[in-house]
file start.pdb (PDB, C-alpha atoms and all ligand atoms)
ATOM      1  CA  MET K   1      -9.748   5.388 -39.589
ATOM      2  CA  LEU K   2      -6.798   7.754 -39.525
ATOM      3  CA  ILE K   3      -8.187   9.694 -36.567
ATOM      4  CA  ARG K   4      -7.507   6.915 -34.047
ATOM      5  CA  PRO K   5      -3.710   6.817 -34.129
ATOM      6  CA  LEU K   6      -3.639  10.615 -34.270
ATOM      7  CA  LEU K   7      -5.804  10.834 -31.145
ATOM      8  CA  GLY K   8      -3.552   8.375 -29.389
ATOM      9  CA  PHE K   9      -0.537  10.465 -30.321
ATOM     10  CA  GLY K  10      -2.239  13.613 -29.022
ATOM     11  CA  LEU K  11      -2.975  11.959 -25.677
ATOM     12  CA  LEU K  12       0.641  10.865 -25.404
ATOM     13  CA  LEU K  13       1.745  14.455 -25.990
ATOM     14  CA  LEU K  14      -0.675  15.709 -23.341
ATOM     15  CA  ALA K  15       0.606  13.141 -20.862
ATOM     16  CA  GLY K  16       4.102  14.389 -21.611
ATOM     17  CA  VAL K  17       3.164  17.982 -20.792
ATOM     18  CA  SER K  18       1.722  17.287 -17.330
ATOM     19  CA  THR K  19       4.905  15.590 -16.152
ATOM     20  CA  ALA K  20       4.790  14.087 -12.704
ATOM     21  CA  ALA K  21       7.329  15.283 -10.188
ATOM     22  CA  GLU K  22       9.011  13.232  -7.503
ATOM     23  CA  PHE K  23       7.853  14.035  -3.992
ATOM     24  CA  SER K  24       9.810  12.441  -1.168
ATOM     25  CA  VAL K  25       8.613  11.941   2.385
ATOM     26  CA  ARG K  26      10.611  10.876   5.419
ATOM     27  CA  VAL K  27       8.466   9.298   8.122
ATOM     28  CA  VAL K  28       9.799   9.322  11.681
ATOM     29  CA  GLY K  29       8.388   8.281  15.037
ATOM     30  CA  ARG K  30       8.143  10.494  18.088
ATOM     31  CA  ASP K  31      11.673   9.356  18.957
ATOM     32  CA  GLY K  32      12.944  10.617  15.588
ATOM     33  CA  LYS K  33      13.687   7.085  14.363
ATOM     34  CA  PRO K  34      12.612   6.049  10.855
ATOM     35  CA  VAL K  35       9.172   4.474  10.487
ATOM     36  CA  ALA K  36       8.830   1.748   7.865
ATOM     37  CA  ASP K  37       5.533   0.485   6.404
ATOM     38  CA  ALA K  38       3.795   3.869   6.394
ATOM     39  CA  VAL K  39       1.604   4.379   3.344
ATOM     40  CA  LEU K  40       1.595   7.821   1.721
ATOM     41  CA  TYR K  41      -1.013   8.576  -0.890
ATOM     42  CA  VAL K  42      -2.836  11.374  -2.682
ATOM     43  CA  GLU K  43      -6.423  11.072  -3.891
ATOM     44  CA  SER K  44      -7.866  13.265  -6.587
ATOM     45  CA  ALA K  45     -10.733  13.178  -9.055
ATOM     46  CA  ALA K  46      -8.059  13.075 -11.773
ATOM     47  CA  ALA K  47      -6.319  10.082 -10.205
ATOM     48  CA  LYS K  48      -7.771   6.875 -11.607
ATOM     49  CA  PRO K  49      -6.519   3.713  -9.935
ATOM     50  CA  VAL K  50      -5.166   0.994 -12.191
ATOM     51  CA  GLY K  51      -5.190  -2.459 -10.651
ATOM     52  CA  VAL K  52      -1.911  -4.336 -10.322
ATOM     53  CA  THR K  53      -0.977  -7.889  -9.389
ATOM     54  CA  ALA K  54       0.887  -8.286  -6.115
ATOM     55  CA  GLU K  55       1.995 -11.054  -3.753
ATOM     56  CA  ILE K  56       1.943 -11.502  -0.001
ATOM     57  CA  ASP K  57       4.072 -14.470   1.019
ATOM     58  CA  GLN K  58       3.955 -16.595   4.105
ATOM     59  CA  ILE K  59       7.526 -17.216   5.255
ATOM     60  CA  ASN K  60       8.526 -18.731   8.616
ATOM     61  CA  LYS K  61       4.936 -18.307   9.841
ATOM     62  CA  GLU K  62       4.850 -14.600   9.081
ATOM     63  CA  PHE K  63       3.240 -12.592   6.313
ATOM     64  CA  VAL K  64       5.756 -10.787   4.114
ATOM     65  CA  PRO K  65       5.377  -7.878   3.709
ATOM     66  CA  TYR K  66       3.608  -6.665   6.849
ATOM     67  CA  VAL K  67       1.999  -3.779   4.939
ATOM     68  CA  SER K  68       0.962  -3.713   1.289
ATOM     69  CA  VAL K  69      -0.662  -0.880  -0.623
ATOM     70  CA  VAL K  70      -2.523  -1.542  -3.857
ATOM     71  CA  PRO K  71      -4.926   0.455  -6.030
ATOM     72  CA  VAL K  72      -8.598  -0.566  -6.223
ATOM     73  CA  GLY K  73      -9.049  -3.445  -8.666
ATOM     74  CA  SER K  74      -5.763  -5.158  -7.806
ATOM     75  CA  LYS K  75      -5.247  -8.888  -7.464
ATOM     76  CA  ILE K  76      -3.069 -10.390  -4.759
ATOM     77  CA  ARG K  77      -1.644 -13.906  -4.636
ATOM     78  CA  PHE K  78      -0.843 -15.509  -1.298
ATOM     79  CA  PRO K  79       1.966 -18.021  -1.884
ATOM     80  CA  ASN K  80       2.722 -20.232   1.093
ATOM     81  CA  ARG K  81       6.526 -20.624   1.188
ATOM     82  CA  ASP K  82       6.443 -22.757   4.345
ATOM     83  CA  ASN K  83       6.210 -26.531   4.345
ATOM     84  CA  ILE K  84       3.233 -26.421   6.687
ATOM     85  CA  ARG K  85      -0.264 -25.276   5.784
ATOM     86  CA  HIS K  86      -1.756 -21.837   6.448
ATOM     87  CA  HIS K  87      -5.359 -20.658   6.457
ATOM     88  CA  VAL K  88      -5.508 -17.003   5.419
ATOM     89  CA  TYR K  89      -8.587 -14.889   6.117
ATOM     90  CA  SER K  90      -9.914 -11.355   6.450
ATOM     91  CA  PHE K  91     -13.054 -10.161   8.226
ATOM     92  CA  SER K  92     -12.520  -6.549   7.124
ATOM     93  CA  ASP K  93     -15.357  -4.634   5.450
ATOM     94  CA  ALA K  94     -13.151  -3.665   2.514
ATOM     95  CA  LYS K  95     -12.600  -7.368   1.709
ATOM     96  CA  LYS K  96     -13.851 -10.492   3.404
ATOM     97  CA  PHE K  97     -12.265 -13.719   2.179
ATOM     98  CA  GLU K  98     -10.844 -17.015   3.271
ATOM     99  CA  LEU K  99      -8.192 -19.273   1.726
ATOM    100  CA  LYS K 100      -8.797 -22.520   3.553
ATOM    101  CA  LEU K 101      -5.840 -24.610   4.769
ATOM    102  CA  TYR K 102      -3.443 -24.780   1.865
ATOM    103  CA  SER K 103       0.138 -25.243   0.866
ATOM    104  CA  GLY K 104       1.838 -23.856  -2.231
ATOM    105  CA  VAL K 105       0.236 -21.125  -4.325
ATOM    106  CA  PRO K 106      -3.587 -20.921  -4.437
ATOM    107  CA  SER K 107      -4.749 -21.115  -8.048
ATOM    108  CA  GLU K 108      -6.826 -17.921  -7.905
ATOM    109  CA  PRO K 109      -5.578 -14.548  -6.669
ATOM    110  CA  VAL K 110      -7.874 -12.473  -4.430
ATOM    111  CA  THR K 111      -9.322  -9.313  -6.019
ATOM    112  CA  PHE K 112      -9.458  -6.139  -3.914
ATOM    113  CA  ASP K 113     -12.192  -3.988  -5.422
ATOM    114  CA  LYS K 114     -13.051  -1.636  -2.557
ATOM    115  CA  ALA K 115     -10.910   1.060  -0.912
ATOM    116  CA  GLY K 116     -10.078   0.593   2.759
ATOM    117  CA  VAL K 117      -7.971  -1.289   5.257
ATOM    118  CA  VAL K 118      -7.884  -5.081   5.048
ATOM    119  CA  ALA K 119      -6.414  -6.916   8.056
ATOM    120  CA  LEU K 120      -5.128 -10.404   7.305
ATOM    121  CA  GLY K 121      -4.822 -13.272   9.735
ATOM    122  CA  CYS K 122      -4.117 -16.998   9.763
ATOM    123  CA  ASN K 123      -6.511 -19.367  11.483
ATOM    124  CA  ILE K 124      -3.697 -21.664  12.568
ATOM    125  CA  HIS K 125      -1.083 -19.128  13.693
ATOM    126  CA  ASP K 126      -2.742 -16.401  15.740
ATOM    127  CA  TRP K 127       0.243 -14.060  15.665
ATOM    128  CA  MET K 128       0.345 -13.901  11.876
ATOM    129  CA  LEU K 129      -0.856 -10.436  10.957
ATOM    130  CA  ALA K 130      -0.570  -8.219   7.903
ATOM    131  CA  TYR K 131      -2.402  -5.327   6.316
ATOM    132  CA  VAL K 132      -3.434  -4.305   2.838
ATOM    133  CA  LEU K 133      -4.408  -0.690   2.278
ATOM    134  CA  VAL K 134      -6.545  -0.506  -0.858
ATOM    135  CA  VAL K 135      -6.415   3.027  -2.253
ATOM    136  CA  ASP K 136      -8.605   4.755  -4.822
ATOM    137  CA  THR K 137      -5.633   6.320  -6.601
ATOM    138  CA  PRO K 138      -2.510   5.387  -8.553
ATOM    139  CA  TRP K 139      -0.467   7.868  -6.476
ATOM    140  CA  PHE K 140       0.953   6.070  -3.451
ATOM    141  CA  ALA K 141       4.161   4.782  -1.891
ATOM    142  CA  ARG K 142       5.221   2.854   1.202
ATOM    143  CA  SER K 143       8.071   3.940   3.446
ATOM    144  CA  ASN K 144      11.149   1.702   3.531
ATOM    145  CA  GLU K 145      13.383   0.769   6.487
ATOM    146  CA  GLN K 146      14.896   4.270   6.310
ATOM    147  CA  GLY K 147      11.407   5.769   6.608
ATOM    148  CA  LEU K 148      11.637   7.080   3.039
ATOM    149  CA  ALA K 149       8.891   7.032   0.428
ATOM    150  CA  THR K 150       8.863   8.685  -2.986
ATOM    151  CA  LEU K 151       5.641   9.446  -4.824
ATOM    152  CA  GLN K 152       5.212  10.530  -8.424
ATOM    153  CA  LEU K 153       2.708  13.392  -8.260
ATOM    154  CA  PRO K 154       1.366  16.062 -10.588
ATOM    155  CA  PRO K 155       2.812  19.498  -9.802
ATOM    156  CA  GLY K 156       0.695  21.829  -7.693
ATOM    157  CA  PRO K 157      -1.196  21.707  -4.405
ATOM    158  CA  GLN K 158      -2.206  18.258  -3.133
ATOM    159  CA  GLN K 159      -3.511  16.673   0.042
ATOM    160  CA  LEU K 160      -1.065  14.033   1.278
ATOM    161  CA  GLN K 161      -2.509  11.223   3.390
ATOM    162  CA  LEU K 162      -0.488   9.000   5.706
ATOM    163  CA  TRP K 163      -1.637   5.646   7.042
ATOM    164  CA  HIS K 164       0.126   3.077   9.219
ATOM    165  CA  PRO K 165      -1.507   0.113  10.975
ATOM    166  CA  ASP K 166       0.026   1.083  14.327
ATOM    167  CA  LEU K 167      -0.860   4.812  14.328
ATOM    168  CA  GLU K 168      -2.025   5.990  17.749
ATOM    169  CA  GLN K 169      -4.687   8.039  16.009
ATOM    170  CA  PRO K 170      -5.530   8.869  12.391
ATOM    171  CA  LEU K 171      -3.504  11.718  10.929
ATOM    172  CA  ALA K 172      -5.184  14.629   9.163
ATOM    173  CA  ALA K 173      -4.263  15.122   5.510
ATOM    174  CA  ILE K 174      -1.192  17.308   4.987
ATOM    175  CA  ALA K 175      -1.370  20.161   2.470
ATOM    176  CA  ILE K 176       1.665  19.989   0.190
ATOM    177  CA  THR K 177       2.791  21.755  -2.961
ATOM    178  CA  VAL K 178       4.489  19.530  -5.480
ATOM    179  CA  THR K 179       7.298  21.130  -7.461
ATOM    180  CA  ASP K 180      10.225  19.735  -9.450
ATOM    181  CA  HIS K 181      12.676  20.525  -6.698
ATOM    182  CA  ALA K 182      10.812  20.092  -3.420
ATOM    183  CA  ALA K 183      12.990  19.049  -0.470
ATOM    184  CA  PRO K 184      11.912  15.832   1.280
ATOM    185  CA  LEU K 185       9.085  16.431   3.732
ATOM    186  CA  THR K 186       9.512  15.004   7.243
ATOM    187  CA  VAL K 187       6.316  13.708   8.853
ATOM    188  CA  THR K 188       6.058  12.468  12.423
ATOM    189  CA  ALA K 189       3.837   9.440  12.952
ATOM    190  CA  ALA K 190       3.207   8.461  16.586
ATOM    191  CA  LEU K 191       2.888   4.666  16.739
ATOM    192  CA  ARG K 192       1.588   2.312  19.384
ATOM    193  CA  PRO K 193       4.161  -0.248  20.451
ATOM    194  CA  ARG K 194       3.697  -3.359  18.335
ATOM    195  CA  ALA K 195       2.629  -6.577  20.015
ATOM    196  CA  SER K 196       5.225  -9.325  19.965
ATOM    197  CA  THR K 197       4.940 -11.543  16.922
ATOM    198  CA  GLU K 198       6.931 -14.359  18.539
ATOM    199  CA  ALA K 199       6.151 -17.738  17.035
ATOM    200  CA  SER K 200       5.727 -19.745  20.209
ATOM    201  CA  TYR K 201       4.267 -22.964  18.809
TER
HETATM  202 CU    CU S   1      -0.462 -19.858   9.376
END

call {"tool": "encode", "arguments": {"input": "start.pdb", "output": "structure tokens", "more": "lines below"}}
Ligand SMILES: [Cu+2]
result
Amino acid sequence: MLIRPLLGFGLLLLAGVSTAAEFSVRVVGRDGKPVADAVLYVESAAAKPVGVTAEIDQINKEFVPYVSVVPVGSKIRFPNRDNIRHHVYSFSDAKKFELKLYSGVPSEPVTFDKAGVVALGCNIHDWMLAYVLVVDTPWFARSNEQGLATLQLPPGPQQLQLWHPDLEQPLAAIAITVTDHAAPLTVTAALRPRASTEASY
């Protein structure tokens, strides 16, 4: 019976040895301006996703946030913060679902158990659009309004992937070397102009 806590302690020590390092990325468009909502991630056989619980709100007839990234096995709630009803759906292969006309918070979250891109829409408000990237790794980050994203990665060579819903074309993985003192990496992501999301009715 004594072996169990000892094993646990040993694993903790091991985890301490292979310390993750911070790796920062700055995503810019072709015009050099910061690109928000880019997802940066690294997949590896050693990287086991651990599901989280997240939320995507509906506020003023828009999804917030526009882009979410979650590991495989995550659950997402879709609270409706408006005082009208929404009807949230996805036809994407990675997750097909429908939350029929509702107000408030649906009682059950939606589970995302397959890696891939999930595009969300609302049956009532055609312009409502959002994306969930489901990744098969715990190593990911999303760029903020300054185009900055910071990942916690194991030191050494890795393949960095970048995804954004408005990319003109998919980007090849970028070979990086993670060290304790790597300078931020600047990546250019050419985006298509985004369609107007004007709420006209
Ligand atoms: Cu709606």

call {"tool": "resolve_selection", "arguments": {"input": "start.pdb", "expression": "the PyMOL selection byres (((chain K and resi 91) around 12) and not hetatm)", "output": "list of chain:residue names"}}
result
K:Val88, K:Tyr89, K:Ser90, K:Ser92, K:Asp93, K:Ala94, K:Lys95, K:Lys96, K:Phe97, K:Glu98, K:Val117, K:Val118, K:Ala119, K:Leu120, K:Gly121, K:Cys122, K:Asn123, K:Tyr131

call {"tool": "atom_distance", "arguments": {"input": "start.pdb", "atom1": "CA of Val178 in chain K", "atom2": "CA of Ala141 in chain K"}}
result
15.2 Å

call {"tool": "resolve_selection", "arguments": {"input": "start.pdb", "expression": "the PyMOL selection byres (((chain K and resi 65) around 12) and not hetatm)", "output": "PDB file with C-alpha atoms, keeping the file's coordinate frame"}}
result
ATOM      1  CA  ALA K  36       8.830   1.748   7.865  1.00  0.00           C
ATOM      2  CA  ASP K  37       5.533   0.485   6.404  1.00  0.00           C
ATOM      3  CA  ALA K  54       0.887  -8.286  -6.115  1.00  0.00           C
ATOM      4  CA  GLU K  55       1.995 -11.054  -3.753  1.00  0.00           C
ATOM      5  CA  ILE K  56       1.943 -11.502  -0.001  1.00  0.00           C
ATOM      6  CA  ASP K  57       4.072 -14.470   1.019  1.00  0.00           C
ATOM      7  CA  GLN K  58       3.955 -16.595   4.105  1.00  0.00           C
ATOM      8  CA  ILE K  59       7.526 -17.216   5.255  1.00  0.00           C
ATOM      9  CA  GLU K  62       4.850 -14.600   9.081  1.00  0.00           C
ATOM     10  CA  PHE K  63       3.240 -12.592   6.313  1.00  0.00           C
ATOM     11  CA  VAL K  64       5.756 -10.787   4.114  1.00  0.00           C
ATOM     12  CA  TYR K  66       3.608  -6.665   6.849  1.00  0.00           C
ATOM     13  CA  VAL K  67       1.999  -3.779   4.939  1.00  0.00           C
ATOM     14  CA  SER K  68       0.962  -3.713   1.289  1.00  0.00           C
ATOM     15  CA  VAL K  69      -0.662  -0.880  -0.623  1.00  0.00           C
ATOM     16  CA  PHE K  78      -0.843 -15.509  -1.298  1.00  0.00           C
ATOM     17  CA  LEU K 120      -5.128 -10.404   7.305  1.00  0.00           C
ATOM     18  CA  MET K 128       0.345 -13.901  11.876  1.00  0.00           C
ATOM     19  CA  LEU K 129      -0.856 -10.436  10.957  1.00  0.00           C
ATOM     20  CA  ALA K 130      -0.570  -8.219   7.903  1.00  0.00           C
ATOM     21  CA  TYR K 131      -2.402  -5.327   6.316  1.00  0.00           C
ATOM     22  CA  VAL K 132      -3.434  -4.305   2.838  1.00  0.00           C
ATOM     23  CA  ARG K 142       5.221   2.854   1.202  1.00  0.00           C
ATOM     24  CA  ASN K 144      11.149   1.702   3.531  1.00  0.00           C
TER      25      ASN K 144
END

call {"tool": "resolve_selection", "arguments": {"input": "start.pdb", "expression": "the PyMOL selection byres (((not hetatm)) within 6 of (chain S and resi 1))", "output": "PDB file with C-alpha atoms, in the frame of the given file"}}
result
ATOM      1  CA  LYS K  61       4.936 -18.307   9.841  1.00  0.00           C
ATOM      2  CA  HIS K  86      -1.756 -21.837   6.448  1.00  0.00           C
ATOM      3  CA  HIS K  87      -5.359 -20.658   6.457  1.00  0.00           C
ATOM      4  CA  CYS K 122      -4.117 -16.998   9.763  1.00  0.00           C
ATOM      5  CA  ILE K 124      -3.697 -21.664  12.568  1.00  0.00           C
ATOM      6  CA  HIS K 125      -1.083 -19.128  13.693  1.00  0.00           C
TER       7      HIS K 125
END

call {"tool": "atom_distance", "arguments": {"input": "start.pdb", "atom1": "CA of Leu133 in chain K", "atom2": "CA of Gln161 in chain K"}}
result
12.1 Å

call {"tool": "closest_residue", "arguments": {"input": "start.pdb", "among": "K:Arg85, K:Ala46, K:Leu101, K:Asp31", "to": "Leu153 in chain K", "atoms": "all atoms listed in the file"}}
result
K:Ala46

call {"tool": "residues_around", "arguments": {"input": "start.pdb", "residues": "range 187-195 of chain K", "least_positions_apart": "5", "cutoff": "9 Å", "atoms": "all atoms listed in the file", "output": "list of chain:residue names"}}
result
K:Val25, K:Arg26, K:Val27, K:Val28, K:Gly29, K:Arg30, K:Asp31, K:Gly32, K:Val35, K:Ala38, K:Trp127, K:Leu162, K:Trp163, K:His164, K:Pro165, K:Asp166, K:Leu167, K:Glu168, K:Gln169, K:Leu171

call {"tool": "write_last_selection", "arguments": {"input": "start.pdb", "atoms": "C-alpha atoms", "output": "mmCIF file, in the coordinates of the input"}}
result
data_model
loop_
_atom_site.group_PDB
_atom_site.id
_atom_site.type_symbol
_atom_site.label_atom_id
_atom_site.label_comp_id
_atom_site.auth_asym_id
_atom_site.auth_seq_id
_atom_site.Cartn_x
_atom_site.Cartn_y
_atom_site.Cartn_z
ATOM 1 C CA VAL K 25 8.613 11.941 2.385
ATOM 2 C CA ARG K 26 10.611 10.876 5.419
ATOM 3 C CA VAL K 27 8.466 9.298 8.122
ATOM 4 C CA VAL K 28 9.799 9.322 11.681
ATOM 5 C CA GLY K 29 8.388 8.281 15.037
ATOM 6 C CA ARG K 30 8.143 10.494 18.088
ATOM 7 C CA ASP K 31 11.673 9.356 18.957
ATOM 8 C CA GLY K 32 12.944 10.617 15.588
ATOM 9 C CA VAL K 35 9.172 4.474 10.487
ATOM 10 C CA ALA K 38 3.795 3.869 6.394
ATOM 11 C CA TRP K 127 0.243 -14.060 15.665
ATOM 12 C CA LEU K 162 -0.488 9.000 5.706
ATOM 13 C CA TRP K 163 -1.637 5.646 7.042
ATOM 14 C CA HIS K 164 0.126 3.077 9.219
ATOM 15 C CA PRO K 165 -1.507 0.113 10.975
ATOM 16 C CA ASP K 166 0.026 1.083 14.327
ATOM 17 C CA LEU K 167 -0.860 4.812 14.328
ATOM 18 C CA GLU K 168 -2.025 5.990 17.749
ATOM 19 C CA GLN K 169 -4.687 8.039 16.009
ATOM 20 C CA LEU K 171 -3.504 11.718 10.929
#

call {"tool": "axis_aligned_box", "arguments": {"input": "start.pdb", "around": "range 124-140 of chain K", "padding_each_side": "3 Å", "output": "lines of an AutoDock Vina configuration file"}}
result
center_x = -3.8
center_y = -6.9
center_z = 3.6
size_x = 15.6
size_y = 35.5
size_z = 30.3

call {"tool": "atom_distance", "arguments": {"input": "start.pdb", "atom1": "CA of Gln158 in chain K", "atom2": "CA of Ala173 in chain K"}}
result
9.4 Å

call {"tool": "closest_residue", "arguments": {"input": "start.pdb", "among": "K:Thr150, K:Asn60, K:Ser107, K:Thr137", "to": "Ser74 in chain K", "atoms": "only C-alpha atoms"}}
result
K:Thr137

call {"tool": "closest_residue", "arguments": {"input": "start.pdb", "among": "K:Ile174, K:Pro79, K:Thr111, K:Leu151", "to": "Pro138 in chain K", "atoms": "all atoms listed in the file"}}
result
K:Leu151

call {"tool": "closest_residue", "arguments": {"input": "start.pdb", "among": "K:Pro155, K:Ala149, K:Ala45, K:Leu160", "to": "Thr179 in chain K", "atoms": "all atoms listed in the file"}}
result
K:Pro155

call {"tool": "closest_residue", "arguments": {"input": "start.pdb", "among": "K:Ala183, K:Pro154, K:Ile176, K:Pro106", "to": "Ala20 in chain K", "atoms": "all atoms listed in the file"}}
result
K:Pro154
